[in-house]
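Below: coords-v3.txt (compact mmCIF, C-alpha atoms)
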```txt
# COMPACT_ATOMS: atom_id res chain seq x y z
CA MET A 20 28.56 3.43 12.29
CA THR A 21 29.16 0.84 9.56
CA ARG A 22 31.40 1.48 6.56
CA LEU A 23 30.96 -0.65 3.45
CA HIS A 24 32.94 -0.55 0.22
CA PHE A 25 31.73 -2.08 -3.03
CA ALA A 26 33.76 -2.47 -6.20
CA SER A 27 30.54 -1.71 -8.07
CA ALA A 28 27.08 -0.63 -6.93
CA LEU A 29 23.76 0.26 -8.54
CA LEU A 30 22.90 3.79 -7.39
CA PRO A 31 19.94 5.95 -8.50
CA SER A 32 22.29 7.58 -11.03
CA GLY A 33 23.34 4.20 -12.42
CA TRP A 34 26.24 1.82 -11.94
CA CYS A 35 29.25 3.31 -10.15
CA ASP A 36 32.64 1.89 -9.27
CA ASP A 37 34.42 1.98 -5.91
CA VAL A 38 31.46 3.04 -3.82
CA GLN A 39 31.81 3.67 -0.10
CA VAL A 40 28.55 3.53 1.87
CA ILE A 41 28.37 4.81 5.44
CA VAL A 42 25.48 3.61 7.58
CA GLY A 43 24.36 5.07 10.86
CA ASP A 44 21.29 4.23 12.91
CA GLY A 45 19.95 2.02 10.13
CA THR A 46 20.11 4.73 7.46
CA ILE A 47 22.57 5.51 4.69
CA THR A 48 24.22 8.70 5.88
CA ALA A 49 26.79 9.15 3.11
CA ILE A 50 27.79 7.68 -0.26
CA THR A 51 31.02 8.33 -2.12
CA ALA A 52 31.74 6.97 -5.59
CA GLY A 53 35.31 6.60 -6.82
CA ALA A 54 36.51 6.08 -3.25
CA THR A 55 39.65 4.19 -2.40
CA PRO A 56 38.95 1.46 0.19
CA GLN A 57 39.88 2.58 3.68
CA SER A 58 41.00 0.65 6.71
CA GLY A 59 37.84 -0.38 8.52
CA ASP A 60 35.71 -0.64 5.38
CA GLU A 61 33.94 -3.97 4.96
CA ARG A 62 34.69 -4.82 1.35
CA HIS A 63 32.45 -6.56 -1.19
CA GLN A 64 32.34 -6.79 -4.96
CA LEU A 65 28.83 -5.86 -6.04
CA ALA A 66 25.77 -4.18 -4.47
CA ILE A 67 22.18 -3.73 -5.59
CA PRO A 68 19.26 -2.36 -3.58
CA GLY A 69 16.96 -4.71 -1.68
CA LEU A 70 13.41 -4.79 -3.04
CA ALA A 71 10.04 -4.81 -1.31
CA SER A 72 7.56 -7.65 -1.41
CA LEU A 73 4.58 -5.33 -1.42
CA HIS A 74 1.98 -8.07 -0.92
CA SER A 75 2.28 -11.02 1.46
CA HIS A 76 -0.09 -13.28 3.40
CA ALA A 77 2.53 -14.72 5.76
CA PHE A 78 0.46 -17.56 7.23
CA GLN A 79 0.00 -19.12 3.78
CA ARG A 80 3.71 -20.05 3.71
CA GLY A 81 2.69 -22.90 5.98
CA MET A 82 0.53 -24.50 3.28
CA ALA A 83 2.95 -24.08 0.37
CA GLY A 84 2.81 -27.22 -1.76
CA LEU A 85 -0.18 -28.68 0.12
CA ALA A 86 -2.81 -27.82 -2.50
CA GLU A 87 -1.33 -29.59 -5.52
CA MET A 88 -3.58 -32.66 -5.68
CA ARG A 89 -6.55 -32.45 -8.03
CA GLY A 90 -9.97 -32.81 -6.47
CA GLU A 91 -13.22 -34.27 -7.77
CA VAL A 92 -14.01 -31.09 -9.71
CA ALA A 93 -11.81 -28.79 -11.74
CA ASP A 94 -9.39 -26.99 -9.46
CA THR A 95 -9.52 -23.18 -9.50
CA PHE A 96 -8.76 -20.28 -7.22
CA TRP A 97 -12.13 -20.88 -5.57
CA THR A 98 -11.39 -24.51 -4.67
CA TRP A 99 -7.89 -23.54 -3.48
CA ARG A 100 -9.52 -20.92 -1.27
CA GLU A 101 -11.47 -23.59 0.62
CA THR A 102 -8.18 -25.37 1.42
CA MET A 103 -6.72 -22.07 2.60
CA TYR A 104 -9.73 -21.42 4.86
CA ARG A 105 -9.38 -24.84 6.53
CA PHE A 106 -5.70 -24.14 7.13
CA ALA A 107 -6.34 -20.63 8.49
CA LEU A 108 -8.94 -21.86 10.98
CA THR A 109 -6.38 -24.02 12.78
CA MET A 110 -3.48 -21.62 13.33
CA THR A 111 -2.62 -20.25 16.78
CA PRO A 112 -0.71 -16.99 17.36
CA ASP A 113 2.43 -19.05 18.03
CA ASP A 114 1.90 -20.87 14.73
CA VAL A 115 1.60 -17.61 12.82
CA GLU A 116 4.74 -16.21 14.40
CA SER A 117 6.82 -19.31 13.62
CA VAL A 118 5.62 -19.47 10.01
CA ALA A 119 6.18 -15.74 9.50
CA THR A 120 9.66 -15.89 11.00
CA LEU A 121 10.80 -18.54 8.52
CA LEU A 122 9.12 -16.69 5.66
CA TYR A 123 10.80 -13.39 6.43
CA ALA A 124 14.19 -15.05 6.82
CA GLU A 125 13.67 -16.61 3.38
CA MET A 126 12.64 -13.26 1.92
CA LEU A 127 15.86 -11.69 3.15
CA GLU A 128 17.97 -14.54 1.80
CA ARG A 129 16.37 -14.01 -1.59
CA GLY A 130 16.63 -10.25 -1.97
CA PHE A 131 13.53 -8.81 -0.29
CA THR A 132 14.34 -6.36 2.49
CA ARG A 133 10.85 -5.04 3.25
CA VAL A 134 7.43 -6.66 3.32
CA GLY A 135 3.92 -5.28 2.92
CA GLU A 136 1.96 -7.69 5.11
CA PHE A 137 -1.67 -7.71 3.94
CA HIS A 138 -2.85 -9.11 7.24
CA TYR A 139 -6.35 -10.52 7.61
CA LEU A 140 -6.06 -13.39 10.09
CA HIS A 141 -7.22 -11.32 13.08
CA HIS A 142 -9.39 -13.34 15.48
CA ASP A 143 -9.34 -16.61 17.41
CA PRO A 144 -10.43 -19.86 15.73
CA GLY A 145 -14.02 -19.27 16.80
CA GLY A 146 -14.07 -15.81 15.28
CA ALA A 147 -13.95 -13.84 18.55
CA PRO A 148 -11.44 -10.99 18.96
CA TYR A 149 -8.45 -11.70 21.17
CA ALA A 150 -8.11 -9.68 24.37
CA ASN A 151 -5.53 -7.69 22.42
CA PRO A 152 -7.29 -7.03 19.09
CA ALA A 153 -3.87 -6.94 17.41
CA GLU A 154 -2.58 -10.20 18.92
CA MET A 155 -1.95 -11.66 15.48
CA ALA A 156 -0.47 -8.40 14.16
CA ALA A 157 1.87 -8.32 17.15
CA ARG A 158 3.14 -11.78 16.16
CA ILE A 159 3.86 -10.48 12.66
CA ALA A 160 5.75 -7.58 14.23
CA GLN A 161 7.77 -9.97 16.39
CA ALA A 162 8.71 -12.03 13.34
CA THR A 163 9.94 -8.95 11.49
CA GLU A 164 11.91 -7.79 14.53
CA ALA A 165 13.58 -11.19 14.89
CA THR A 166 14.58 -11.41 11.23
CA GLY A 167 15.32 -7.74 10.55
CA ILE A 168 13.03 -7.27 7.54
CA GLY A 169 11.31 -3.90 7.24
CA LEU A 170 7.55 -3.90 7.83
CA THR A 171 4.60 -2.09 6.35
CA LEU A 172 1.62 -3.57 8.18
CA LEU A 173 -1.65 -3.50 6.24
CA PRO A 174 -4.50 -4.69 8.46
CA SER A 175 -7.29 -5.92 6.23
CA PHE A 176 -10.95 -4.99 6.61
CA TYR A 177 -13.14 -7.94 5.70
CA ALA A 178 -16.88 -7.88 6.41
CA HIS A 179 -18.76 -9.87 3.76
CA GLY A 180 -18.71 -13.04 1.71
CA SER A 181 -19.42 -11.51 -1.69
CA PHE A 182 -20.55 -8.39 -3.50
CA GLY A 183 -23.46 -6.35 -2.21
CA GLY A 184 -22.88 -7.08 1.47
CA ALA A 185 -23.54 -10.83 1.38
CA ALA A 186 -23.17 -12.60 4.71
CA PRO A 187 -19.70 -14.02 5.34
CA ARG A 188 -19.06 -17.73 5.17
CA ALA A 189 -18.11 -19.82 8.18
CA GLY A 190 -14.59 -20.29 6.85
CA GLN A 191 -14.06 -16.53 6.90
CA ARG A 192 -14.91 -16.02 10.56
CA ARG A 193 -11.36 -15.21 11.67
CA PHE A 194 -11.21 -12.31 9.19
CA ILE A 195 -14.50 -10.53 9.88
CA SER A 196 -14.77 -7.14 11.61
CA SER A 197 -17.29 -4.35 12.00
CA ILE A 198 -16.13 -0.82 11.29
CA ASP A 199 -15.82 -0.12 15.03
CA GLN A 200 -13.84 -3.32 15.61
CA PHE A 201 -11.56 -2.43 12.73
CA ALA A 202 -10.92 1.02 14.16
CA GLU A 203 -9.86 -0.64 17.43
CA LEU A 204 -7.68 -3.06 15.47
CA MET A 205 -5.96 -0.19 13.68
CA THR A 206 -5.17 1.55 16.96
CA ALA A 207 -3.81 -1.66 18.46
CA SER A 208 -1.83 -2.46 15.30
CA ARG A 209 -0.07 0.90 15.41
CA LYS A 210 0.87 0.18 18.99
CA ALA A 211 2.14 -3.29 18.02
CA VAL A 212 4.66 -1.88 15.54
CA SER A 213 5.54 1.32 17.40
CA SER A 214 8.88 -0.01 18.65
CA LEU A 215 10.04 -1.20 15.22
CA ARG A 216 12.39 1.22 13.53
CA GLY A 217 11.02 2.30 10.16
CA ALA A 218 7.76 0.35 10.42
CA ASN A 219 4.59 1.98 9.14
CA VAL A 220 0.90 1.12 8.92
CA GLY A 221 -1.67 1.42 6.16
CA ILE A 222 -5.01 -0.23 5.53
CA ALA A 223 -6.20 -3.00 3.24
CA PRO A 224 -9.90 -3.15 2.41
CA HIS A 225 -9.76 -6.76 1.28
CA SER A 226 -11.73 -6.47 -1.96
CA LEU A 227 -15.05 -5.24 -3.31
CA ARG A 228 -16.34 -8.72 -2.49
CA ALA A 229 -15.64 -8.15 1.19
CA VAL A 230 -16.34 -4.42 1.62
CA THR A 231 -19.44 -2.41 0.72
CA PRO A 232 -19.13 1.09 -0.79
CA ASP A 233 -20.24 2.73 2.47
CA GLU A 234 -17.71 0.68 4.46
CA LEU A 235 -14.95 1.57 2.03
CA THR A 236 -15.73 5.27 2.48
CA ALA A 237 -15.73 4.86 6.27
CA ILE A 238 -12.44 3.01 6.60
CA VAL A 239 -10.16 4.81 4.13
CA PRO A 240 -9.61 7.72 6.59
CA LEU A 241 -8.27 5.17 9.11
CA ALA A 242 -5.16 4.94 6.93
CA GLU A 243 -4.27 8.41 8.28
CA GLY A 244 -2.48 9.28 5.07
CA GLY A 245 -0.77 5.90 4.78
CA PRO A 246 -1.02 3.39 1.94
CA VAL A 247 -4.29 1.79 0.85
CA HIS A 248 -4.12 -1.69 -0.71
CA ILE A 249 -7.01 -3.69 -2.18
CA HIS A 250 -7.37 -6.89 -4.19
CA ALA A 251 -9.05 -6.24 -7.55
CA ALA A 252 -9.91 -8.22 -10.69
CA GLU A 253 -7.84 -11.26 -9.81
CA GLN A 254 -10.31 -13.75 -11.26
CA THR A 255 -12.75 -13.68 -14.20
CA ARG A 256 -15.56 -14.85 -11.91
CA GLU A 257 -14.85 -11.91 -9.63
CA VAL A 258 -15.20 -9.55 -12.61
CA GLU A 259 -18.45 -11.19 -13.68
CA ASP A 260 -19.89 -11.02 -10.17
CA CYS A 261 -18.89 -7.37 -9.84
CA VAL A 262 -20.60 -6.51 -13.12
CA ALA A 263 -23.74 -8.34 -11.98
CA TRP A 264 -23.73 -6.35 -8.72
CA SER A 265 -22.78 -2.88 -9.96
CA GLY A 266 -22.75 -2.80 -13.72
CA ARG A 267 -19.02 -2.04 -13.52
CA ARG A 268 -15.85 -4.11 -13.56
CA PRO A 269 -13.78 -4.01 -10.31
CA VAL A 270 -10.99 -1.69 -11.49
CA GLU A 271 -13.52 0.45 -13.35
CA TRP A 272 -15.68 0.72 -10.22
CA LEU A 273 -12.75 1.69 -8.01
CA LEU A 274 -11.52 4.36 -10.41
CA ASP A 275 -15.05 5.79 -10.68
CA HIS A 276 -16.05 5.65 -6.99
CA ALA A 277 -12.95 5.54 -4.77
CA PRO A 278 -10.23 8.19 -4.29
CA VAL A 279 -7.60 6.10 -6.09
CA ASP A 280 -4.31 8.00 -6.30
CA GLN A 281 -0.60 7.57 -5.57
CA ARG A 282 -1.34 6.16 -2.09
CA TRP A 283 -3.26 3.22 -3.52
CA CYS A 284 -2.04 -0.16 -4.64
CA LEU A 285 -4.39 -2.42 -6.60
CA ILE A 286 -3.29 -6.00 -6.05
CA HIS A 287 -3.31 -8.23 -9.15
CA ALA A 288 -5.63 -6.15 -11.42
CA THR A 289 -5.21 -9.09 -13.78
CA HIS A 290 -8.39 -8.75 -15.81
CA MET A 291 -8.75 -5.23 -17.22
CA THR A 292 -10.02 -3.82 -20.48
CA ALA A 293 -7.76 -1.55 -22.51
CA THR A 294 -9.66 1.43 -21.12
CA GLU A 295 -9.17 0.27 -17.53
CA THR A 296 -5.49 -0.41 -18.16
CA THR A 297 -4.89 3.11 -19.43
CA ALA A 298 -6.98 4.67 -16.66
CA LEU A 299 -5.21 2.77 -13.88
CA ALA A 300 -1.85 3.86 -15.30
CA ALA A 301 -3.03 7.48 -15.35
CA SER A 302 -4.27 7.35 -11.75
CA GLY A 303 -0.73 7.20 -10.32
CA ALA A 304 -1.60 4.10 -8.29
CA VAL A 305 0.68 1.07 -8.23
CA ALA A 306 -0.33 -2.31 -9.63
CA GLY A 307 0.79 -4.93 -7.10
CA LEU A 308 1.81 -7.93 -9.18
CA CYS A 309 2.49 -11.38 -7.73
CA PRO A 310 3.43 -13.40 -10.82
CA LEU A 311 4.27 -16.71 -9.13
CA THR A 312 1.05 -16.79 -7.12
CA GLU A 313 -1.00 -15.63 -10.11
CA ALA A 314 0.48 -18.50 -12.13
CA SER A 315 -0.01 -21.01 -9.29
CA LEU A 316 -3.67 -20.10 -8.88
CA GLY A 317 -4.40 -19.93 -12.59
CA ASP A 318 -5.43 -16.29 -12.33
CA GLY A 319 -4.32 -15.17 -15.75
CA ILE A 320 -1.68 -12.80 -17.11
CA PHE A 321 -1.61 -9.10 -16.25
CA PRO A 322 -1.47 -6.76 -19.31
CA ALA A 323 1.98 -5.58 -18.29
CA ARG A 324 3.22 -4.51 -21.72
CA GLU A 325 0.20 -2.33 -22.38
CA TYR A 326 0.18 -0.96 -18.83
CA CYS A 327 3.86 -0.04 -18.91
CA ASP A 328 3.49 1.52 -22.34
CA ALA A 329 0.80 3.75 -20.79
CA GLY A 330 3.20 4.84 -18.05
CA GLY A 331 1.83 2.55 -15.35
CA ARG A 332 3.73 1.83 -12.13
CA PHE A 333 4.10 -1.65 -10.67
CA GLY A 334 5.75 -3.46 -7.80
CA ILE A 335 6.08 -7.14 -6.99
CA GLY A 336 4.74 -9.21 -4.11
CA THR A 337 4.90 -12.80 -2.99
CA ASP A 338 1.21 -13.20 -1.98
CA SER A 339 0.67 -16.86 -1.05
CA ASN A 340 4.43 -17.32 -0.55
CA ILE A 341 4.68 -20.64 -2.36
CA LEU A 342 8.18 -19.79 -3.59
CA ILE A 343 10.21 -16.76 -2.55
CA GLY A 344 12.62 -14.77 -4.67
CA VAL A 345 13.14 -11.35 -6.22
CA ALA A 346 14.55 -12.91 -9.37
CA ASP A 347 11.79 -15.53 -9.52
CA GLU A 348 8.96 -12.98 -9.45
CA LEU A 349 10.58 -10.68 -12.01
CA ARG A 350 11.45 -13.59 -14.31
CA GLN A 351 7.90 -14.95 -14.16
CA LEU A 352 6.50 -11.49 -14.92
CA GLU A 353 8.59 -11.19 -18.08
CA TYR A 354 8.08 -14.80 -19.13
CA GLY A 355 4.31 -14.47 -18.80
CA GLN A 356 4.43 -11.60 -21.28
CA ARG A 357 6.61 -13.63 -23.64
CA LEU A 358 4.12 -16.48 -23.59
CA LYS A 359 1.19 -14.14 -24.09
CA HIS A 360 2.71 -12.15 -26.95
CA ARG A 361 5.01 -14.87 -28.34
CA ALA A 362 7.96 -12.50 -28.39
CA ARG A 363 11.02 -11.78 -26.24
CA ASN A 364 12.18 -8.91 -24.00
CA MET A 365 8.66 -7.58 -23.69
CA LEU A 366 9.22 -5.29 -20.70
CA SER A 367 12.45 -3.71 -21.84
CA ARG A 368 12.05 0.04 -22.21
CA GLY A 369 13.32 0.06 -25.79
CA PRO A 370 15.98 -1.10 -28.25
CA GLY A 371 19.30 -1.83 -26.59
CA VAL A 372 17.82 -1.58 -23.07
CA SER A 373 18.36 -4.41 -20.59
CA THR A 374 15.13 -6.16 -19.66
CA GLY A 375 16.54 -7.08 -16.25
CA ARG A 376 17.35 -3.44 -15.50
CA ALA A 377 13.91 -2.26 -16.65
CA LEU A 378 12.17 -4.83 -14.46
CA PHE A 379 14.37 -4.12 -11.43
CA ASP A 380 14.07 -0.33 -11.63
CA ALA A 381 10.29 -0.46 -11.99
CA ALA A 382 9.85 -2.89 -9.08
CA LEU A 383 12.13 -0.79 -6.85
CA ALA A 384 10.21 2.42 -7.56
CA GLY A 385 6.79 0.78 -7.37
CA GLY A 386 7.51 -1.03 -4.11
CA THR A 387 8.91 2.13 -2.53
CA GLN A 388 5.75 4.06 -3.47
CA ALA A 389 3.26 1.35 -2.55
CA LEU A 390 4.73 0.93 0.94
CA ALA A 391 4.98 4.70 1.49
CA GLN A 392 8.73 4.92 1.88
CA ALA A 393 10.33 8.34 1.52
CA CYS A 394 13.05 7.01 -0.76
CA GLY A 395 14.43 3.69 -1.91
CA GLY A 396 17.61 2.35 -3.36
CA ILE A 397 21.18 2.93 -2.32
CA GLN A 398 21.13 6.66 -1.65
CA GLN A 399 21.66 9.06 1.22
CA GLY A 400 18.68 9.16 3.57
CA ALA A 401 17.31 5.76 2.54
CA ARG A 402 16.99 2.79 4.85
CA ALA A 403 20.19 0.79 4.47
CA ASP A 404 18.72 -2.16 2.54
CA ILE A 405 21.52 -3.56 0.43
CA VAL A 406 22.11 -6.89 -1.30
CA SER A 407 25.59 -8.03 -2.34
CA LEU A 408 25.92 -10.50 -5.19
CA ASP A 409 28.57 -13.19 -5.61
CA THR A 410 30.45 -12.23 -8.77
CA SER A 411 32.04 -15.68 -8.94
CA HIS A 412 28.65 -17.19 -9.75
CA PRO A 413 28.87 -18.62 -13.28
CA SER A 414 25.95 -16.48 -14.46
CA LEU A 415 27.56 -13.28 -13.14
CA ALA A 416 31.25 -13.88 -13.75
CA GLU A 417 32.97 -11.23 -15.88
CA ARG A 418 29.73 -9.30 -16.34
CA ARG A 419 29.37 -5.60 -15.73
CA GLY A 420 26.55 -3.10 -15.51
CA ASP A 421 23.08 -4.14 -16.54
CA ALA A 422 24.34 -7.52 -17.74
CA ILE A 423 24.65 -8.36 -14.03
CA LEU A 424 20.92 -7.86 -13.49
CA ASP A 425 20.11 -9.89 -16.59
CA GLY A 426 22.29 -12.71 -15.26
CA PHE A 427 20.81 -12.47 -11.77
CA ILE A 428 17.16 -12.45 -12.85
CA PHE A 429 17.22 -14.82 -15.81
CA ALA A 430 20.06 -17.24 -15.02
CA ALA A 431 21.11 -17.19 -11.36
CA GLY A 432 18.44 -16.13 -8.85
CA ALA A 433 18.91 -16.43 -5.10
CA ASP A 434 21.92 -18.68 -5.56
CA ALA A 435 23.91 -15.55 -6.45
CA ILE A 436 23.04 -13.60 -3.27
CA ASP A 437 25.90 -13.39 -0.79
CA CYS A 438 25.10 -10.84 1.95
CA VAL A 439 22.05 -8.76 2.83
CA TRP A 440 21.87 -5.70 5.05
CA ALA A 441 18.40 -4.73 6.30
CA GLY A 442 18.16 -1.46 8.14
CA GLY A 443 21.96 -1.46 8.25
CA ASN A 444 22.23 -4.83 9.99
CA LYS A 445 23.89 -7.69 8.16
CA VAL A 446 21.27 -10.42 8.48
CA VAL A 447 22.42 -12.69 5.64
CA GLU A 448 26.00 -13.81 5.10
CA GLY A 449 27.19 -16.45 2.67
CA GLY A 450 23.59 -16.72 1.48
CA ARG A 451 22.29 -17.82 4.89
CA HIS A 452 20.13 -15.84 7.26
CA ARG A 453 21.47 -15.79 10.80
CA LEU A 454 18.26 -17.46 12.03
CA ARG A 455 17.87 -19.94 9.19
CA GLN A 456 18.28 -23.18 11.12
CA LYS A 457 16.44 -22.01 14.24
CA ALA A 458 13.56 -20.70 12.12
CA ARG A 459 13.39 -23.92 10.10
CA ASP A 460 13.36 -26.10 13.19
CA ARG A 461 10.57 -24.07 14.76
CA PHE A 462 8.58 -24.02 11.51
CA ASN A 463 8.93 -27.77 11.06
CA ALA A 464 7.68 -28.41 14.60
CA THR A 465 4.73 -26.10 13.98
CA ILE A 466 3.75 -27.53 10.64
CA ARG A 467 3.94 -31.17 11.70
CA SER A 468 0.37 -31.16 13.00
CA PHE A 469 -0.98 -29.70 9.75
CA VAL A 470 0.46 -32.30 7.42
CA ALA A 471 0.16 -35.38 9.64
```

Show how you would write the structure in this file as C-alpha cells.
Amino acid sequence: MTRLHFASALLPSGWCDDVQVIVGDGTITAITAGATPQSGDERHQLAIPGLASLHSHAFQRGMAGLAEMRGEVADTFWTWRETMYRFALTMTPDDVESVATLLYAEMLERGFTRVGEFHYLHHDPGGAPYANPAEMAARIAQATEATGIGLTLLPSFYAHGSFGGAAPRAGQRRFISSIDQFAELMTASRKAVSSLRGANVGIAPHSLRAVTPDELTAIVPLAEGGPVHIHAAEQTREVEDCVAWSGRRPVEWLLDHAPVDQRWCLIHATHMTATETTALAASGAVAGLCPLTEASLGDGIFPAREYCDAGGRFGIGTDSNILIGVADELRQLEYGQRLKHRARNMLSRGPGVSTGRALFDAALAGGTQALAQACGGIQQGARADIVSLDTSHPSLAERRGDAILDGFIFAAGADAIDCVWAGGNKVVEGGRHRLRQKARDRFNATIRSFVA
C-alpha cells in the first residue's frame, strides 16, 4: 500500500485541499479531502490526473525530425508518407522495442500515463508474418511493461492501397493482412498483453482507404466489445477520393454505414461539413485529435469550436510522436482555433471559465472513453495515474485552482512536471523517468543506422 498526501489535488468534484490518496495493487482504494498529513504519507504540493495519448504510432518516434527537408515537389502528407514507408520497412522487432521504450518514457515524463497504440507494423520486412503473428505487438507490450505506462493495444487491419479495394503498394507490405490473418493476430495480441495489469485490446480498421465495407463488417466483431478506432478525413485528397468512390465523405459514410457509437474513436476527422460535425457529436463517439501531428503534416484545423458547441467529445493523441507533451497538444489545439477564428479562449466553456480547465477536463473524459477505461481521474477505483506539478515553477508559483492548469498548459509545459505515478508506481521523479538514460542510450544505438 502507498499513501500519498497532496496540499491540493484536482478531483472529479473539483480542486480540493489536503488530499490523502491511498493506493493498493495499482488502484486508488481511498481518497480523503481535508486530511491532516500522517506519518508515512509521501507528501507533495499539487496533483492532477495523468492523461491518455489515445493515438500513437510508436515506431514513428524514430523518424522525428527526419522529414523536414523540402523535396523536388511540394511536400504534403502524401510525400511524407513515402518517407515513413521507407523507414518502416527497415525496422526489426528489437528496433521497435527500443524506440517504443524511449517514447513511452517520454510520454510519462510529460504527463501521459496511458497510450492507445494504433499498431500496424505487423510483419517482417518482406511482408511475411512472423512465427508469432504478434511478435511486433509483443515488443510494444514489453516497452509498456518496462516503462510502466498503461496500454490499450489497437491492432490495425490494413488490406488495400486506396478506396474500393485497390491493391496495396509495395511500401505497405508490412501492414497487410487478410481477415483470417487478422483474426489470428488479434488472438496472439491478446495473449501478448495478458500479463500486463490493466491492459486491454481493441481494433483499428486503418481507414476507408485500407478497408472495404465488407471487411469492416467482418472485423468489427473481433473487438469483442472493446474500442474501435479508425482514421477518417485527415486530408482533403482523402475526402475527394472517398467521394469519388462512394458519393459520400469519409465521416458521412461511416455514420451512415458503420455502427458508430460510444465505443468508436474517429482519428483526426479534420475535414467535415457542418452537418457531419453535428452528426459526429451526436453519435457519442470520440474525435481523436493529434494537433501537433496535424500541424506538422499540414492536415488542416479540426472544427473544434463548432464540434464542442454541439456537445462533441474529444481526446488527444500524439500520432507520429514528433514532440511529446500533454500541455503541447492541448495548447496547439486551442491555438489552432485562435488562428482560425482570430479570437482568444475559443474552447473555454463560457464567460469566466478557464480555457486550460475546459481543455483538460474534455481530454481526460474523452481519453478515458476512447480507451475503454471504467473511470479516469483521481478517484476511488481508478488506476492510480497521478502527476504532481512543481509549484515553484515561475508559471505556477502562487497560483491556485484552474489558474494552475492555465499556467501549466499555456506557459510551463513538461518543465513543471515533478513526479508521475502510473498504475501506482512512481516512474518519474524530479522530472526524469527511471529509465531515461538507459532508454536514450539504447534508442541512440538503434537509430544510428537510420540516419547515417

- Query: CA of Gly396 in chain A to CA of Ala382 in chain A: how many Å, to one decimal?
  - Reply: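 Taking CA of Gly396 in chain A as the start and CA of Ala382 in chain A as the end point, the length is 11.0 Å.
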
- Would you mind reading off the distance between CA of Asp113 in chain A and CA of Arg100 in chain A, one decimal, in Å?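 It comes out at 22.8 Å.
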
- Task: Considering all atoms listed in the file, return as a PyMOL selection string whatever protein or nucleic-acid residues lie within 7 Å of range 302-319 of chain A, sequence-local ones (same chain, fewer than 2 positions apart) excluded.
- Result: chain A and resi 73+95-96+253-254+279-289+298-300+321+332-339+348+351-352+385+389

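Separating CA of Gln39 in chain A from CA of Gly443 in chain A is a distance of 13.9 Å.
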
Please build the interface table for range 58-123 of chain A against range 427-442 of chain A with a cut-off of 12 Å, listing for each qualifying residue the nearest atom pair and the distance in Å to one decimal; count all atoms listed in the file, order rows by chain and increasing number, and write it as a tab-separated table.
```
residue	atom	partner	partner_atom	distance
A:Glu61	CA	A:Cys438	CA	11.6
A:Arg62	CA	A:Cys438	CA	11.3
A:His63	CA	A:Cys438	CA	9.1
A:Gln64	CA	A:Asp437	CA	10.1
A:Leu65	CA	A:Asp437	CA	9.6
A:Ala66	CA	A:Cys438	CA	9.3
A:Ile67	CA	A:Val439	CA	9.8
A:Pro68	CA	A:Val439	CA	9.5
A:Gly69	CA	A:Val439	CA	7.9
A:Leu70	CA	A:Ala441	CA	10.6
A:Ala71	CA	A:Ala441	CA	11.3
A:Tyr123	CA	A:Ala441	CA	11.5
```

Supply range 384-398 of chain A as an mmCIF file, in the coordinates of the input, with N, CA and C atoms built in where the input has gaps.
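Saved as selection.cif:
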```cif
data_model
loop_
_atom_site.group_PDB
_atom_site.id
_atom_site.type_symbol
_atom_site.label_atom_id
_atom_site.label_comp_id
_atom_site.auth_asym_id
_atom_site.auth_seq_id
_atom_site.Cartn_x
_atom_site.Cartn_y
_atom_site.Cartn_z
ATOM 1 N N ALA A 384 10.991 1.192 -7.694
ATOM 2 C CA ALA A 384 10.210 2.420 -7.560
ATOM 3 C C ALA A 384 8.782 2.130 -7.124
ATOM 4 N N GLY A 385 8.165 1.099 -7.708
ATOM 5 C CA GLY A 385 6.790 0.780 -7.370
ATOM 6 C C GLY A 385 6.638 0.288 -5.944
ATOM 7 N N GLY A 386 7.573 -0.548 -5.489
ATOM 8 C CA GLY A 386 7.510 -1.030 -4.110
ATOM 9 C C GLY A 386 7.732 0.079 -3.115
ATOM 10 N N THR A 387 8.650 0.990 -3.418
ATOM 11 C CA THR A 387 8.910 2.130 -2.530
ATOM 12 C C THR A 387 7.651 2.979 -2.389
ATOM 13 N N GLN A 388 6.975 3.256 -3.510
ATOM 14 C CA GLN A 388 5.750 4.060 -3.470
ATOM 15 C C GLN A 388 4.624 3.335 -2.755
ATOM 16 N N ALA A 389 4.416 2.071 -3.094
ATOM 17 C CA ALA A 389 3.260 1.350 -2.550
ATOM 18 C C ALA A 389 3.345 1.169 -1.049
ATOM 19 N N LEU A 390 4.564 1.107 -0.496
ATOM 20 C CA LEU A 390 4.730 0.930 0.940
ATOM 21 C C LEU A 390 5.076 2.242 1.644
ATOM 22 N N ALA A 391 4.875 3.348 0.922
ATOM 23 C CA ALA A 391 4.980 4.700 1.490
ATOM 24 C C ALA A 391 6.326 4.958 2.148
ATOM 25 N N GLN A 392 7.388 4.617 1.412
ATOM 26 C CA GLN A 392 8.730 4.920 1.880
ATOM 27 C C GLN A 392 9.230 6.206 1.237
ATOM 28 N N ALA A 393 9.907 7.026 2.010
ATOM 29 C CA ALA A 393 10.330 8.340 1.520
ATOM 30 C C ALA A 393 11.265 8.207 0.328
ATOM 31 N N CYS A 394 12.154 7.245 0.373
ATOM 32 C CA CYS A 394 13.050 7.010 -0.760
ATOM 33 C C CYS A 394 13.540 5.577 -0.690
ATOM 34 N N GLY A 395 13.932 5.061 -1.839
ATOM 35 C CA GLY A 395 14.430 3.690 -1.910
ATOM 36 C C GLY A 395 15.737 3.652 -2.647
ATOM 37 N N GLY A 396 16.345 2.496 -2.670
ATOM 38 C CA GLY A 396 17.610 2.350 -3.360
ATOM 39 C C GLY A 396 18.781 2.702 -2.468
ATOM 40 N N ILE A 397 19.953 2.638 -3.053
ATOM 41 C CA ILE A 397 21.180 2.930 -2.320
ATOM 42 C C ILE A 397 21.472 4.415 -2.492
ATOM 43 N N GLN A 398 20.946 5.217 -1.590
ATOM 44 C CA GLN A 398 21.130 6.660 -1.650
ATOM 45 C C GLN A 398 21.072 7.234 -0.245
#
```
